[in-house]
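One file, target_11.pdb, is given below (PDB, C-alpha atoms).
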```
ATOM      1  CA  MET H1025     409.884 143.452 308.346
ATOM      2  CA  LEU H1026     410.198 140.532 305.958
ATOM      3  CA  ALA H1027     409.495 138.080 308.770
ATOM      4  CA  MET H1028     406.339 140.008 309.663
ATOM      5  CA  VAL H1029     405.083 139.839 306.070
ATOM      6  CA  ILE H1030     405.694 136.099 305.907
ATOM      7  CA  SER H1031     403.986 135.709 309.282
ATOM      8  CA  LEU H1032     400.988 137.710 308.071
ATOM      9  CA  ALA H1033     400.838 135.749 304.841
ATOM     10  CA  ALA H1034     400.857 132.543 306.814
ATOM     11  CA  CYS H1035     398.069 133.761 309.050
ATOM     12  CA  THR H1036     395.939 135.029 306.211
ATOM     13  CA  THR H1037     396.087 131.972 303.962
ATOM     14  CA  ALA H1038     392.626 131.814 302.428
ATOM     15  CA  GLU H1039     390.508 128.795 303.134
ATOM     16  CA  PRO H1040     389.375 126.933 300.033
ATOM     17  CA  VAL H1041     386.033 128.037 298.760
ATOM     18  CA  ARG H1042     383.487 125.336 299.208
ATOM     19  CA  SER H1043     381.069 124.749 296.383
ATOM     20  CA  PRO H1044     377.401 124.414 297.276
ATOM     21  CA  ASP H1045     376.514 121.040 298.568
ATOM     22  CA  ALA H1046     375.980 118.785 295.583
ATOM     23  CA  SER H1047     373.249 116.277 295.840
ATOM     24  CA  PRO H1048     374.589 112.728 295.882
ATOM     25  CA  ALA H1049     374.547 111.037 292.552
ATOM     26  CA  GLU H1050     371.395 108.978 292.134
ATOM     27  CA  THR H1051     372.132 105.310 291.737
ATOM     28  CA  PRO H1052     370.110 103.972 288.807
ATOM     29  CA  SER H1053     367.719 101.216 289.862
ATOM     30  CA  PRO H1054     368.534  97.888 288.273
ATOM     31  CA  THR H1055     366.395  96.998 285.272
ATOM     32  CA  PRO H1056     364.298  93.977 286.183
ATOM     33  CA  SER H1057     365.181  91.007 284.029
ATOM     34  CA  PRO H1058     362.238  89.507 282.139
ATOM     35  CA  THR H1059     360.695  86.474 283.722
ATOM     36  CA  VAL H1060     361.379  83.436 281.613
ATOM     37  CA  ALA H1061     358.609  80.876 281.791
ATOM     38  CA  PRO H1062     359.959  77.399 282.358
ATOM     39  CA  SER H1063     359.783  75.332 279.215
ATOM     40  CA  ALA H1064     357.284  72.510 279.357
ATOM     41  CA  THR H1065     358.871  69.113 279.561
ATOM     42  CA  PRO H1066     357.454  66.924 276.784
ATOM     43  CA  THR H1067     355.689  63.832 277.986
ATOM     44  CA  PRO H1068     357.805  60.849 277.032
ATOM     45  CA  ILE H1069     356.235  58.275 274.737
ATOM     46  CA  PRO H1070     355.841  55.048 276.687
ATOM     47  CA  THR H1071     357.671  51.865 275.879
ATOM     48  CA  PRO H1072     355.492  49.218 274.200
ATOM     49  CA  ARG H1073     354.061  46.757 276.678
ATOM     50  CA  TYR H1074     354.979  43.150 275.855
ATOM     51  CA  GLU H1075     353.142  41.371 278.643
ATOM     52  CA  ASN H1076     349.532  40.418 279.233
ATOM     53  CA  GLU H1077     347.651  41.257 282.376
ATOM     54  CA  PRO H1078     343.960  40.939 283.214
ATOM     55  CA  ASP H1079     341.873  44.071 282.661
ATOM     56  CA  PRO H1080     338.443  43.671 284.281
ATOM     57  CA  ALA H1081     337.170  47.012 282.916
ATOM     58  CA  LEU H1082     338.018  46.028 279.344
ATOM     59  CA  ASP H1083     336.637  42.531 279.830
ATOM     60  CA  ALA H1084     333.312  43.934 281.041
ATOM     61  CA  LEU H1085     332.839  45.849 277.783
ATOM     62  CA  ILE H1086     332.901  42.842 275.474
ATOM     63  CA  PRO H1087     329.485  41.223 274.879
ATOM     64  CA  ARG H1088     329.212  37.448 275.233
ATOM     65  CA  SER H1089     326.407  37.083 272.738
ATOM     66  CA  VAL H1090     325.417  39.114 269.661
ATOM     67  CA  ALA H1091     322.923  38.450 266.860
ATOM     68  CA  GLY H1092     322.435  34.883 268.103
ATOM     69  CA  ALA H1093     326.196  34.150 268.055
ATOM     70  CA  THR H1094     328.390  33.388 271.083
ATOM     71  CA  VAL H1095     331.437  35.585 271.661
ATOM     72  CA  VAL H1096     334.284  33.794 273.437
ATOM     73  CA  VAL H1097     336.748  36.023 275.311
ATOM     74  CA  VAL H1098     340.113  34.314 275.660
ATOM     75  CA  PRO H1099     341.916  34.734 279.021
ATOM     76  CA  PRO H1100     345.043  36.847 278.450
ATOM     77  CA  ASP H1101     347.364  34.132 279.767
ATOM     78  CA  GLN H1102     346.274  31.761 277.008
ATOM     79  CA  TYR H1103     347.681  33.557 273.977
ATOM     80  CA  GLY H1104     351.073  34.878 273.057
ATOM     81  CA  LEU H1105     350.023  38.247 271.633
ATOM     82  CA  THR H1106     350.642  41.288 273.807
ATOM     83  CA  PRO H1107     349.498  44.924 273.654
ATOM     84  CA  GLY H1108     352.873  45.825 272.165
ATOM     85  CA  ASP H1109     352.514  43.257 269.376
ATOM     86  CA  VAL H1110     349.067  44.411 268.294
ATOM     87  CA  GLY H1111     350.118  48.033 268.768
ATOM     88  CA  GLU H1112     352.839  47.922 266.110
ATOM     89  CA  PRO H1113     350.554  48.601 263.102
ATOM     90  CA  PHE H1114     348.904  51.458 265.022
ATOM     91  CA  GLY H1115     352.138  53.459 265.100
ATOM     92  CA  GLU H1116     352.675  55.805 268.036
ATOM     93  CA  ILE H1117     349.132  55.159 269.287
ATOM     94  CA  GLY H1118     349.995  51.501 269.814
ATOM     95  CA  ARG H1119     352.734  52.401 272.265
ATOM     96  CA  TYR H1120     349.991  53.490 274.661
ATOM     97  CA  PHE H1121     348.188  50.138 274.547
ATOM     98  CA  HIS H1122     348.128  48.944 278.127
ATOM     99  CA  ALA H1123     345.924  45.862 277.889
ATOM    100  CA  LEU H1124     344.698  43.522 275.159
ATOM    101  CA  LEU H1125     341.784  41.134 275.030
ATOM    102  CA  ILE H1126     340.880  38.883 272.126
ATOM    103  CA  GLY H1127     337.366  37.645 271.481
ATOM    104  CA  TYR H1128     336.081  35.481 268.694
ATOM    105  CA  VAL H1129     332.940  34.016 267.196
ATOM    106  CA  GLU H1130     333.401  30.500 265.878
ATOM    107  CA  GLN H1131     330.498  30.546 263.416
ATOM    108  CA  PRO H1132     330.208  32.786 261.497
ATOM    109  CA  ARG H1133     333.882  33.580 261.897
ATOM    110  CA  ALA H1134     334.856  36.838 263.552
ATOM    111  CA  THR H1135     337.812  38.034 265.617
ATOM    112  CA  LEU H1136     337.872  41.075 267.874
ATOM    113  CA  TYR H1137     340.973  42.817 269.239
ATOM    114  CA  ALA H1138     340.115  45.156 272.114
ATOM    115  CA  MET H1139     342.830  47.449 273.462
ATOM    116  CA  HIS H1140     342.812  49.612 276.585
ATOM    117  CA  VAL H1141     344.802  52.819 276.087
ATOM    118  CA  GLU H1142     346.601  54.441 279.007
ATOM    119  CA  GLY H1143     348.088  57.929 278.985
ATOM    120  CA  ARG H1144     346.173  59.519 276.112
ATOM    121  CA  GLU H1145     342.790  59.605 274.437
ATOM    122  CA  VAL H1146     342.275  58.386 270.898
ATOM    123  CA  ALA H1147     339.698  59.478 268.333
ATOM    124  CA  THR H1148     338.683  57.390 265.339
ATOM    125  CA  ARG H1149     340.165  59.989 262.979
ATOM    126  CA  ASP H1150     343.575  59.421 264.631
ATOM    127  CA  LEU H1151     343.677  55.918 263.147
ATOM    128  CA  ARG H1152     343.610  57.135 259.553
ATOM    129  CA  PRO H1153     347.407  57.244 258.944
ATOM    130  CA  HIS H1154     347.710  53.604 260.037
ATOM    131  CA  LEU H1155     344.846  51.977 258.118
ATOM    132  CA  ALA H1156     347.031  50.261 255.534
ATOM    133  CA  GLU H1157     349.193  48.599 258.193
ATOM    134  CA  ILE H1158     346.127  47.659 260.246
ATOM    135  CA  GLY H1159     344.552  45.909 257.270
ATOM    136  CA  GLN H1160     347.726  44.028 256.503
ATOM    137  CA  TYR H1161     347.966  42.931 260.142
ATOM    138  CA  VAL H1162     344.659  41.059 259.916
ATOM    139  CA  GLY H1163     345.310  39.396 256.569
ATOM    140  CA  ILE H1164     345.050  41.933 253.752
ATOM    141  CA  SER H1165     347.695  41.064 251.182
ATOM    142  CA  GLY H1166     349.222  44.530 250.839
ATOM    143  CA  LEU H1167     349.262  48.112 252.048
ATOM    144  CA  HIS H1168     346.102  49.583 250.541
ATOM    145  CA  PRO H1169     344.815  52.638 252.430
ATOM    146  CA  GLU H1170     342.541  53.640 249.560
ATOM    147  CA  ALA H1171     340.263  50.633 250.179
ATOM    148  CA  TRP H1172     339.210  52.023 253.556
ATOM    149  CA  HIS H1173     336.390  54.489 253.997
ATOM    150  CA  SER H1174     334.700  56.215 256.892
ATOM    151  CA  ALA H1175     331.250  54.976 257.817
ATOM    152  CA  VAL H1176     328.622  55.819 260.393
ATOM    153  CA  LEU H1177     326.902  53.005 262.246
ATOM    154  CA  PRO H1178     324.345  53.619 264.994
ATOM    155  CA  GLY H1179     326.245  55.625 267.613
ATOM    156  CA  HIS H1180     329.642  54.942 266.032
ATOM    157  CA  VAL H1181     332.056  56.484 263.555
ATOM    158  CA  VAL H1182     334.245  53.703 262.132
ATOM    159  CA  TRP H1183     336.754  52.908 259.429
ATOM    160  CA  VAL H1184     335.735  49.944 257.284
ATOM    161  CA  ARG H1185     337.079  48.040 254.295
ATOM    162  CA  PRO H1186     336.034  44.899 252.420
ATOM    163  CA  GLU H1187     337.958  41.722 251.728
ATOM    164  CA  ASP H1188     340.650  41.201 249.125
ATOM    165  CA  ASP H1189     341.961  38.085 247.402
ATOM    166  CA  ALA H1190     343.829  37.024 250.560
ATOM    167  CA  THR H1191     340.734  36.914 252.798
ATOM    168  CA  PHE H1192     337.459  35.015 252.788
ATOM    169  CA  ALA H1193     334.645  36.295 250.611
ATOM    170  CA  GLY H1194     332.345  38.612 252.506
ATOM    171  CA  THR H1195     335.028  39.616 254.997
ATOM    172  CA  MET H1196     334.703  43.098 256.433
ATOM    173  CA  ILE H1197     337.237  44.857 258.653
ATOM    174  CA  TYR H1198     336.297  47.558 261.131
ATOM    175  CA  THR H1199     338.467  49.699 263.367
ATOM    176  CA  TRP H1200     337.431  52.566 265.620
ATOM    177  CA  ALA H1201     338.273  54.319 268.876
ATOM    178  CA  ALA H1202     336.405  55.644 271.877
ATOM    179  CA  ASP H1203     338.586  57.763 274.180
ATOM    180  CA  GLU H1204     340.602  55.156 276.106
ATOM    181  CA  TYR H1205     339.714  52.172 273.922
ATOM    182  CA  VAL H1206     340.653  51.047 270.422
ATOM    183  CA  PHE H1207     338.970  48.164 268.614
ATOM    184  CA  LEU H1208     339.799  46.086 265.545
ATOM    185  CA  LEU H1209     337.263  43.603 264.173
ATOM    186  CA  ILE H1210     337.379  41.222 261.226
ATOM    187  CA  GLY H1211     334.476  38.945 260.353
ATOM    188  CA  VAL H1212     332.725  37.236 257.457
ATOM    189  CA  ASP H1213     329.108  37.987 258.409
ATOM    190  CA  ASP H1214     328.392  41.682 258.422
ATOM    191  CA  ARG H1215     325.228  41.275 260.471
ATOM    192  CA  VAL H1216     327.335  39.836 263.314
ATOM    193  CA  ASN H1217     330.069  42.394 262.714
ATOM    194  CA  ARG H1218     327.677  45.304 263.083
ATOM    195  CA  ALA H1219     326.116  43.792 266.186
ATOM    196  CA  ILE H1220     329.547  43.551 267.823
ATOM    197  CA  VAL H1221     330.354  47.138 266.880
ATOM    198  CA  ALA H1222     327.030  48.353 268.286
ATOM    199  CA  ALA H1223     327.597  46.531 271.596
ATOM    200  CA  LEU H1224     330.967  48.202 272.227
ATOM    201  CA  PRO H1225     331.841  51.815 273.111
ATOM    202  CA  GLY H1226     332.050  54.138 270.164
ATOM    203  CA  GLU H1227     332.496  57.703 269.077
ATOM    204  CA  PRO H1228     329.139  59.200 268.129
ATOM    205  CA  PRO H1229     328.927  60.971 264.801
ATOM    206  CA  PRO H1230     329.105  64.747 264.969
ATOM    207  CA  THR H1231     325.809  66.548 265.220
ATOM    208  CA  PRO H1232     325.203  68.518 262.043
ATOM    209  CA  SER H1233     325.026  72.244 262.535
ATOM    210  CA  PRO H1234     321.495  73.591 262.093
ATOM    211  CA  VAL H1235     320.936  75.474 258.876
ATOM    212  CA  PRO H1236     319.993  79.051 259.717
ATOM    213  CA  SER H1237     316.452  79.847 258.693
ATOM    214  CA  ARG H1238     316.038  82.527 256.104
ATOM    215  CA  SER H1239     313.724  85.419 256.820
ATOM    216  CA  PRO H1240     310.953  85.772 254.220
ATOM    217  CA  LEU H1241     311.686  88.282 251.531
ATOM    218  CA  ALA H1242     309.937  91.561 252.116
ATOM    219  CA  SER H1243     307.371  92.487 249.474
ATOM    220  CA  PRO H1244     308.544  95.426 247.402
ATOM    221  CA  SER H1245     306.764  98.617 248.279
ATOM    222  CA  VAL H1246     304.281  99.838 245.713
ATOM    223  CA  SER H1247     305.234 103.187 244.321
ATOM    224  CA  ALA H1248     302.482 105.783 244.184
ATOM    225  CA  SER H1249     301.220 106.459 240.704
ATOM    226  CA  PRO H1250     301.897 109.897 239.259
ATOM    227  CA  SER H1251     298.197 110.704 239.295
ATOM    228  CA  ALA H1252     297.915 109.812 242.977
ATOM    229  CA  ALA H1253     300.952 111.906 243.730
ATOM    230  CA  ALA H1254     299.370 114.818 241.886
ATOM    231  CA  GLY H1255     296.167 114.479 243.859
ATOM    232  CA  GLY H1256     294.110 113.543 240.837
TER     233      GLY H1256
END
```
Do you think you could lay out the structure here as structure tokens?
Amino acid sequence: MLAMVISLAACTTAEPVRSPDASPAETPSPTPSPTVAPSATPTPIPTPRYENEPDPALDALIPRSVAGATVVVVPPDQYGLTPGDVGEPFGEIGRYFHALLIGYVEQPRATLYAMHVEGREVATRDLRPHLAEIGQYVGISGLHPEAWHSAVLPGHVVWVRPEDDATFAGTMIYTWAADEYVFLLIGVDDRVNRAIVAALPGEPPPTPSPVPSRSPLASPSVSASPSAAAGG
């Protein structure tokens, strides 16, 4: 009897109860990582150029005669100055000087330094921090930025300063820029100086903004008199 009970128990072992099918766990989608924009690589400042090469485009800009005076343009292989030398007083701007030409007027005395800039554009206002060094480079006895002032010549915005005790009487110094060109001029006759400036590229003065016209004031309305309002 005991064997039958064990046999029945073995035959009637309950199967495990299955739980309702569970839905598979949802795998969370990966969070997209933010797109990082590549950082811009700064343009390296060029090394100063300490060699002279012909620059036909720059040469073509320089007039050969102004105000009855002859301008002599010296071939670049006949002087020791280089774009890097003249660029030193111009600070970082001078490191972009690619070509240099020197012109002069024998009588009345004037000397022009014309520089071709490569790799950036230059505005006349950009020269302001370097005016003291520029003046000293062409013979001013010290660093005196306060002696310079901005001036407007026909079609040109320039920086200009007069002589000091280390230069000839009547000397005027001009420097200005026009996109890819920078110029430095020193001369004793301002009529010739201005003629040279006018013959070279320049930065035109800004056009003044028009003053808005005012509309005429409206005449005040005339109030009706009490008698009119009363009908009398």
Report task. Give the answer as one residue: which of H:Val1110, H:Leu1151, H:Val1129, H:Val1181 has the shortest atom-to-atom distance to H:Ala1093, using all atoms listed in the file? Result ->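 The closest residue to H:Ala1093 is H:Val1129.
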Report task. For the file shown, report as a list in words the outcome of the PyMOL selection byres ((chain H and resi 1214) around 10) at residue level. Result -> Pro1132, Ala1134, Gly1194, Thr1195, Met1196, Ile1197, Ile1210, Gly1211, Val1212, Asp1213, Arg1215, Val1216, Asn1217, Arg1218, Ala1219 and Ile1220 of chain H
Report task. Within 7 Å of H:Glu1227, counting only C-alpha atoms, which residues show up once you throw out same-chain ones fewer than 3 positions away? Write them as a PyMOL selection string, please. Result -> chain H and resi 1179-1181+1201-1202
Report task. Decode the PyMOL selection byres ((chain H and resi 1172) around 12) for the given file into explicit residues and return them as number ranges by chain. Result -> H: 1151-1159, 1164, 1167-1171, 1173-1175, 1182-1188, 1196-1199
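Note that atom CA of H:Gly1226 and atom CA of H:Val1146 are 11.1 Å apart.
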Requested in this report: Write out as a list in words the residues lying within 10 Å of H:Thr1094, counting only C-alpha atoms and excluding same-chain residues fewer than 6 positions away.
Outcome: Pro1087, Arg1088, Gly1127, Tyr1128, Val1129, Glu1130, Gln1131 and Pro1132 of chain H
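Residues matching the PyMOL selection byres ((chain H and resi 1070-1079) around 7) in this structure come to Pro1068, Ile1069, Pro1080, Ala1081, Leu1082, Asp1083, Pro1100, Asp1101, Thr1106, Pro1107, Gly1108, Asp1109, Arg1119, Tyr1120, His1122 and Ala1123 of chain H.
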Query - Atomic separation - atom CA of H:Val1097 relative to atom CA of H:Gly1118, Å - result: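 The value is 21.1 Å.
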Report task. State, in Å with one decimal place, the distance from atom CA of H:Val1221 to atom CA of H:Glu1112. Result ->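 Spanning atom CA of H:Val1221 to atom CA of H:Glu1112 is a straight-line distance of 22.5 Å.
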Report task. Fewer than 5 positions away in the same chain doesn't count, so skip those; otherwise give me all residues within 9 Å of H:Arg1144, counting all atoms listed in the file, as a list of chain:residue names. Result ->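 Near neighbours after the sequence-gap exclusion: H:Ile1117, H:Tyr1120, H:Asp1203, H:Glu1204.
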Residues from the last selection, C-alpha atoms, saved as a compact mmCIF listing (two decimals), in the coordinates of the input:
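Just written: part-v8.txt:
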```
# COMPACT_ATOMS: atom_id res chain seq x y z
CA ILE H 1117 349.13 55.16 269.29
CA TYR H 1120 349.99 53.49 274.66
CA ASP H 1203 338.59 57.76 274.18
CA GLU H 1204 340.60 55.16 276.11
```
Query - Top pick for closest residue to H:Asp1150, considering H:Val1206, H:Phe1121, H:Ile1126, H:Gly1104 and counting only C-alpha atoms - result: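 Between H:Val1206, H:Phe1121, H:Ile1126, H:Gly1104, the residue approaching H:Asp1150 most closely is H:Val1206.
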**Report entry** Proximity to H:Ile1086 - best of H:Val1141, H:Leu1124, H:Ala1223, H:Phe1192, only C-alpha atoms
**Finding:**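 The closest residue to H:Ile1086 is H:Ala1223.
Among the candidates H:Ala1084, H:Val1090, H:Leu1105, H:Ala1190, the one nearest to H:Gln1160 when counting only C-alpha atoms is H:Ala1190.
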Query - Which residue of H:Ala1091, H:Pro1229, H:Thr1191, H:Leu1125 approaches H:Tyr1103 most closely, using all atoms listed in the file - result: H:Leu1125
